[in-house]
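Let me begin by presenting the structure, written as structure tokens, before commenting on it.
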Amino acid sequence: MPLIVAPIGRDLTVVRILTDDKTKKHLESLGITLSSTISVISQSGGSTICMIKDGRLALDRNLATKILVA
């Protein structure tokens, strides 16, 4: 399922990233890689706030729909 519709507060695993190579590299530098654990903290105003490792990250609606989690 896309990250934008993921339930809040559950630990999820990134299974696929549907973006170009440049954006994938940027996400990898932020800690979002395949098989990494991510959890949604909140969703408001079209942005999704996620917890990756020990940090919080805000993703816009377009990018959150391209990150698939299970």
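Simple scheme: letters A, B, ... for chains in structure tokens order, numbers from 1 for residues in each chain, numbers from 1 for ligands in the order shown.
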
Secondary structure check, alpha helix (DSSP H) residues of chain A, as number ranges by chain
A: 21-30, 61-65

If you run DSSP on this backbone, which residues of chain A come out as strand (DSSP E), and could you give them as a VMD selection string?
chain A and resid 11 to 17 37 to 44 47 to 52 55 to 60 67 to 69

With N, CA, C and O atoms kept, could you save the residues just selected as a short mmCIF file (atom, residue, chain, number, x, y, z; two decimals), in the first residue's frame?
```
data_model
loop_
_atom_site.label_atom_id
_atom_site.label_comp_id
_atom_site.auth_asym_id
_atom_site.auth_seq_id
_atom_site.Cartn_x
_atom_site.Cartn_y
_atom_site.Cartn_z
N ASP A 11 4.45 0.12 12.77
CA ASP A 11 5.75 -0.04 12.09
C ASP A 11 5.52 -0.76 10.78
O ASP A 11 4.90 -1.83 10.75
N LEU A 12 6.02 -0.19 9.70
CA LEU A 12 5.85 -0.74 8.36
C LEU A 12 7.21 -0.90 7.70
O LEU A 12 8.18 -0.26 8.10
N THR A 13 7.27 -1.75 6.69
CA THR A 13 8.51 -1.99 5.96
C THR A 13 8.37 -1.45 4.55
O THR A 13 7.37 -1.71 3.88
N VAL A 14 9.37 -0.72 4.09
CA VAL A 14 9.38 -0.20 2.73
C VAL A 14 9.66 -1.36 1.78
O VAL A 14 10.66 -2.05 1.90
N VAL A 15 8.75 -1.59 0.82
CA VAL A 15 8.92 -2.69 -0.12
C VAL A 15 9.26 -2.22 -1.53
O VAL A 15 9.85 -2.97 -2.30
N ARG A 16 8.91 -0.97 -1.87
CA ARG A 16 9.21 -0.47 -3.21
C ARG A 16 9.15 1.04 -3.23
O ARG A 16 8.35 1.64 -2.52
N ILE A 17 10.01 1.64 -4.05
CA ILE A 17 10.01 3.09 -4.22
C ILE A 17 9.88 3.37 -5.72
O ILE A 17 10.74 2.97 -6.50
N THR A 37 12.47 0.25 8.18
CA THR A 37 11.25 0.38 8.97
C THR A 37 10.85 1.84 9.05
O THR A 37 11.68 2.71 9.30
N ILE A 38 9.57 2.09 8.81
CA ILE A 38 9.03 3.45 8.81
C ILE A 38 7.67 3.41 9.50
O ILE A 38 6.96 2.41 9.42
N SER A 39 7.34 4.47 10.21
CA SER A 39 6.00 4.55 10.80
C SER A 39 5.46 5.95 10.60
O SER A 39 6.19 6.94 10.64
N VAL A 40 4.15 6.02 10.36
CA VAL A 40 3.48 7.29 10.12
C VAL A 40 3.08 7.88 11.47
O VAL A 40 2.43 7.22 12.27
N ILE A 41 3.50 9.11 11.72
CA ILE A 41 3.14 9.80 12.96
C ILE A 41 1.83 10.55 12.79
O ILE A 41 0.94 10.46 13.62
N SER A 42 1.72 11.31 11.69
CA SER A 42 0.48 12.05 11.42
C SER A 42 0.38 12.39 9.95
O SER A 42 1.37 12.36 9.22
N GLN A 43 -0.84 12.73 9.54
CA GLN A 43 -1.10 13.16 8.18
C GLN A 43 -2.01 14.37 8.25
O GLN A 43 -3.08 14.31 8.84
N SER A 44 -1.55 15.47 7.66
CA SER A 44 -2.38 16.68 7.67
C SER A 44 -1.96 17.61 6.54
O SER A 44 -0.78 17.71 6.21
N SER A 47 0.48 16.55 3.69
CA SER A 47 1.81 16.03 3.98
C SER A 47 1.72 14.90 5.01
O SER A 47 0.78 14.84 5.80
N THR A 48 2.69 14.02 4.96
CA THR A 48 2.76 12.88 5.86
C THR A 48 4.02 13.01 6.69
O THR A 48 5.11 13.15 6.15
N ILE A 49 3.88 12.95 7.99
CA ILE A 49 5.04 13.02 8.88
C ILE A 49 5.35 11.60 9.34
O ILE A 49 4.49 10.91 9.88
N CYS A 50 6.60 11.17 9.08
CA CYS A 50 7.01 9.80 9.34
C CYS A 50 8.16 9.77 10.33
O CYS A 50 8.92 10.73 10.45
N MET A 51 8.29 8.63 10.99
CA MET A 51 9.43 8.39 11.87
C MET A 51 10.33 7.38 11.17
O MET A 51 9.90 6.27 10.86
N ILE A 52 11.55 7.81 10.89
CA ILE A 52 12.55 6.95 10.27
C ILE A 52 13.72 6.89 11.23
O ILE A 52 14.26 7.94 11.59
N GLY A 55 14.63 9.87 13.66
CA GLY A 55 14.26 11.21 13.21
C GLY A 55 12.90 11.28 12.56
O GLY A 55 12.38 10.28 12.07
N ARG A 56 12.34 12.47 12.54
CA ARG A 56 11.06 12.71 11.89
C ARG A 56 11.31 13.31 10.52
O ARG A 56 12.25 14.08 10.34
N LEU A 57 10.43 12.96 9.60
CA LEU A 57 10.57 13.42 8.22
C LEU A 57 9.20 13.75 7.66
O LEU A 57 8.28 12.96 7.80
N ALA A 58 9.06 14.90 7.04
CA ALA A 58 7.80 15.30 6.41
C ALA A 58 7.91 15.06 4.91
O ALA A 58 8.86 15.50 4.27
N LEU A 59 6.94 14.34 4.37
CA LEU A 59 6.90 14.04 2.94
C LEU A 59 5.64 14.64 2.35
O LEU A 59 4.57 14.56 2.96
N ASP A 60 5.74 15.21 1.15
CA ASP A 60 4.53 15.73 0.52
C ASP A 60 3.70 14.60 -0.07
O ASP A 60 4.12 13.45 -0.12
N ILE A 67 5.94 5.77 -2.34
CA ILE A 67 6.64 4.87 -1.43
C ILE A 67 5.66 3.79 -0.99
O ILE A 67 4.65 4.10 -0.34
N LEU A 68 5.92 2.56 -1.37
CA LEU A 68 5.02 1.45 -1.05
C LEU A 68 5.54 0.71 0.18
O LEU A 68 6.71 0.39 0.28
N VAL A 69 4.62 0.43 1.12
CA VAL A 69 4.98 -0.23 2.37
C VAL A 69 4.08 -1.44 2.58
O VAL A 69 3.03 -1.57 1.98
#
```

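Minimum distance to Gly31 (chain A) across A:Asp54, A:Pro2, A:Ala64, A:Ile8 (counting only C-alpha atoms) occurs at A:Asp54.
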
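Counting only C-alpha atoms, the residue from A:Asp20, A:Ile32, A:Lys25, A:Gly45 that sits nearest to Leu3 (chain A) is A:Ile32.
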
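With only C-alpha atoms as the basis for measurement, A:Thr23 is the residue among A:Met1, A:Arg10, A:Thr23, A:Thr33 that approaches Leu63 (chain A) most closely.
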